[in-house]
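All remarks here apply to the structure that follows.
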Number of protein chains: 2
Amino acid sequence: MKPRIAMVQGDPAGIGPELIARLLSDEDARQQADVLLIADRDEVELGCRIAGASFPRREIDKISDFRPDTDHVQHLHFRGAAEPPFARSEATINGGRYALDTLAVALEATTTGITDAIVFGPLNKTSLKLGGMSHNDELHWFAERLGYTGPFCEFNVMDKLWTSRVTSHVALKDAPGMITQERVIEAIELIDTALRRSGIAQPRIAVCGLNPHLGDGGSFGREEIDTIGPAVEAARAKGLPAQGPFPADTIFIKARDGEFDAVVTMYHDQGQIAMKLMGFQRGVTVQGGLPVVITTPAHGTAFDIAGRGVANAGAMRQAFDMACRMASRGTSGAR
Amino acid sequence: MKPRIAMVQGDPAGIGPELIARLLSDEDARQQADVLLIADRDEVELGCRIAGASFPRREIDKISDFRPDTDHVQHLHFRGAAEPPFARSEATINGGRYALDTLAVALEATTTGITDAIVFGPLNKTSLKLGGMSHNDELHWFAERLGYTGPFCEFNVMDKLWTSRVTSHVALKDAPGMITQERVIEAIELIDTALRRSGIAQPRIAVCGLNPHLGDGGSFGREEIDTIGPAVEAARAKGLPAQGPFPADTIFIKARDGEFDAVVTMYHDQGQIAMKLMGFQRGVTVQGGLPVVITTPAHGTAFDIAGRGVANAGAMRQAFDMACRMASRGTSGAR
């Protein structure tokens, strides 16, 4: 059975509508999955005009009318509390509401078993906050909407390399104190599960150290000795395929060269400096750990080029492919 | 007048001797500078045999006999307290002594005005410690030998991009507390001076923030607001061409693309993750801030390939070129 993908445009002021149009105009993409598009009708048509693309679609009245249909994208005309016209290339309350309300329907469709996974176009954080999101990021919003209280973590995926992080949007001075054996093991478990769901039968997971040169045997920093090293050992004892800790300034060279499928990092920039330098803009973000598969392109709304029809849909396609792969392997997230 | 370069092989167990031989066999390199090679005679000959290279050399008895001589490398046969035979491809007390003792003569030649700058082959930290160095790195050893108590900092240079760092070999948890306005300004001044000496008349210097997304306006970390931002402003008020702070996870993309000549980083891995991923192994390390110009290739001793004649001398050549450029612009380090 094909994966059933709920899809939303993200912020209508950005490149989301045109990327979705371009993606769905690809016959191969449409054959990969049954797609439920939750979007305003005018925005869908606008996206097609901007992209110079079209796709066969059939409107349905409610998400429960969604059926396997290889010939058409099934489209629920929906704009939630947003009131057109939508502004272009700027963050607005309307844009934020539209993004959040369409995502809420996608969550409903997926948690009720109508669809298997969610793919969304780029969001704008300012719009989301104007539109009513009180969380620091959409990942926390998803978790709350899902009533999910377990561990979760954003994964960044570029080409074949995944990263996750033990700490994220916290002050650097607070990060070292938040690194516990339990959290490191949890991060390894989360990404191991995700890697397997994405189709990697035997993941190879590298774990970063925290200090320069791993603290040089305790000379400057003991977290590798006291916390991270023991956590890697404990993870291995549980059967998790983790190795490390490795020095952060050389592990990404090995990972890039294919020695590992994933790198578990200790803090935000440890992974993001490397990933962005390697071209993460063309990669995928996975909302990891949640009971629902959710993916999105790594890049942003690109207000500077939105509406011009020049946006590259490569990352959008990768996000879609990833959602299809992960969805087709069950929805529980259990290993 | 040509720059006068004091040159030593570094650890004899590594690829230093063959790299020096390959470099000096290049007529163009020899025309760039008058070279004083401080090295054991047998080691020089061995390096030539390994590299399959040769160069015209003239032995002198003491460094004060060094004279302008375009036709010959002037060679002081010297091995210090080391006792041959030297081991190959391993760290030894002999190797460390040889490296330190030849470097000491190079320092003497340069501080007494016989030569203008120093270039050395790769060192091995274990050998250096066995050989008697009590410091964490050679930069601190140089500073002590020179009786220099001012600020200094290792610079890493790859292609046209320089980096320096406000904190270096310290535990990550200690780094935030060590970042003061004074230290940030000092780091900007040091690299500005070095950039100008290397021939860049109008350096463009980017300064990194510390926290992810620069702390997102104080939400997670205030160092950008309280310390780094004001330091950049103060530096600019002094006429220093600094900009920032910039988020660490995107600034290296801009710097790589040529928007900046240098990035001042806040901690070791912030710069090293990026530089190593971009290929820093082929770059140059400059012992920055010292009253003497000293450069070396960024890579190590490469014990795994030493003696096979396959080591690439590109970084050695870059280190030599850099020393020539910086030496020819005076030795005071003053702006």
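Chains: A, B, ... in order of the structure tokens. Residues: from 1 per chain. Ligands: from 1, in order shown.
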
Subject >> Distance filter 7 Å, only C-alpha atoms, chain A against chain B, as a list in words >> reply: His169, Val170, Ala171, Leu172, Lys173, Pro176, Leu210, Asn211, Pro212, Gly215, Phe220, Gly221, Ala248, Asp249, Thr250, Phe252, Ile253, His268, Asp269, Gln272, Ile273, Ala274, Lys276 and Leu277 of chain A

Original post:
Which polymer residues have any atom within 9 Å of an atom of Asp11 of chain A, counting only C-alpha atoms, with same-chain residues fewer than 5 positions away left out, as an NGL selection string?
Top reply: :A and (16-17 or 91 or 95-100 or 121-124 or 127-128 or 301)

Mind dumping the selected residues with C-alpha atoms as an mmCIF file, in the first residue's frame?
```
data_model
loop_
_atom_site.group_PDB
_atom_site.id
_atom_site.type_symbol
_atom_site.label_atom_id
_atom_site.label_comp_id
_atom_site.auth_asym_id
_atom_site.auth_seq_id
_atom_site.Cartn_x
_atom_site.Cartn_y
_atom_site.Cartn_z
ATOM 1 C CA GLY A 16 5.759 27.117 -0.070
ATOM 2 C CA PRO A 17 2.798 27.345 -2.488
ATOM 3 C CA ALA A 91 5.416 37.924 8.051
ATOM 4 C CA GLY A 95 0.117 33.857 7.208
ATOM 5 C CA GLY A 96 0.806 32.452 10.657
ATOM 6 C CA ARG A 97 -2.797 31.486 11.245
ATOM 7 C CA TYR A 98 -3.052 29.813 7.879
ATOM 8 C CA ALA A 99 0.107 27.786 8.474
ATOM 9 C CA LEU A 100 -0.938 26.700 11.969
ATOM 10 C CA GLY A 121 6.241 23.957 3.225
ATOM 11 C CA PRO A 122 8.549 26.496 4.881
ATOM 12 C CA LEU A 123 7.291 28.357 7.951
ATOM 13 C CA ASN A 124 8.156 31.806 9.189
ATOM 14 C CA SER A 127 4.277 34.794 11.335
ATOM 15 C CA LEU A 128 3.723 31.810 13.598
ATOM 16 C CA THR A 301 10.354 30.913 3.295
#
```

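The protein and nucleic acid residues lying at most 12 Å from Arg236 of chain A are Ile185, Ile188, Glu189, Asp192, Arg204, Ile205, Ala206, Val207, Gly229, Pro230, Ala231, Pro241, Ala242, Gln243 and Gly244 of chain A, with only C-alpha atoms considered and sequence neighbours fewer than 5 positions away removed.
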
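For segment 84-229 of chain A, the set of residues given strand (DSSP E or B) by DSSP on the backbone reads Ala117, Ile118, Val119, Phe120, Cys153, Glu154, Phe155, Asn156, Val157, Met158, Leu161, Trp162, Thr163, Ser164, Arg165, Ile205, Ala206, Val207 and Cys208 of chain A.
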
Write a file of the selected residues as a PDB file, in the first residue's frame, keeping C-alpha atoms.
```
ATOM      1  CA  ALA A 117       2.742  11.301   7.527  1.00  0.00           C
ATOM      2  CA  ILE A 118       2.910  15.063   7.100  1.00  0.00           C
ATOM      3  CA  VAL A 119       4.997  17.221   4.790  1.00  0.00           C
ATOM      4  CA  PHE A 120       4.855  20.977   5.141  1.00  0.00           C
ATOM      5  CA  CYS A 153      14.492  16.268  18.895  1.00  0.00           C
ATOM      6  CA  GLU A 154      14.864  17.979  15.557  1.00  0.00           C
ATOM      7  CA  PHE A 155      16.841  15.905  13.067  1.00  0.00           C
ATOM      8  CA  ASN A 156      18.665  17.522  10.180  1.00  0.00           C
ATOM      9  CA  VAL A 157      19.273  15.362   7.158  1.00  0.00           C
ATOM     10  CA  MET A 158      21.447  16.228   4.198  1.00  0.00           C
ATOM     11  CA  LEU A 161      23.855  12.249   6.696  1.00  0.00           C
ATOM     12  CA  TRP A 162      21.651  12.787   9.747  1.00  0.00           C
ATOM     13  CA  THR A 163      22.344  14.885  12.818  1.00  0.00           C
ATOM     14  CA  SER A 164      20.531  15.264  16.102  1.00  0.00           C
ATOM     15  CA  ARG A 165      21.436  17.223  19.201  1.00  0.00           C
ATOM     16  CA  ILE A 205      25.930   6.485  14.679  1.00  0.00           C
ATOM     17  CA  ALA A 206      28.822   8.730  15.731  1.00  0.00           C
ATOM     18  CA  VAL A 207      28.573  10.651  18.990  1.00  0.00           C
ATOM     19  CA  CYS A 208      30.416  13.985  19.360  1.00  0.00           C
TER      20      CYS A 208
END
```

Subject >> Members of segment 7-115 of chain A assigned alpha helix (DSSP H) by DSSP, as a ChimeraX atom specification >> reply: /A:16-24,27-32,41-51,93-111

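Going from atom CA of Asp28 of chain B to atom CA of Gln318 of chain B covers 13.0 Å.
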
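Here atom CA of Ala262 of chain B and atom CA of Leu23 of chain B stand 27.0 Å from one another.
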
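Atom pair atom CA of Ala87 of chain A / atom CA of Arg49 of chain A: separated by 16.7 Å.
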
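The shortest atom-to-atom distance to Glu108 of chain B, with only C-alpha atoms taken into account, belongs to B:Ile63 out of B:Val264, B:Ile63, B:Val166, B:Met322.
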
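Minimum atom-to-atom distances from A:Val105, A:Ala13, A:Val8, A:Ile191 to Pro151 of chain A were compared using only C-alpha atoms, and the lowest value belongs to A:Ile191.
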
Original post:
Which of these residues is nearest to Gly52 of chain B, using only C-alpha atoms: B:Met316, B:Leu19, B:Ile93, B:Ala6?
Top reply: B:Leu19
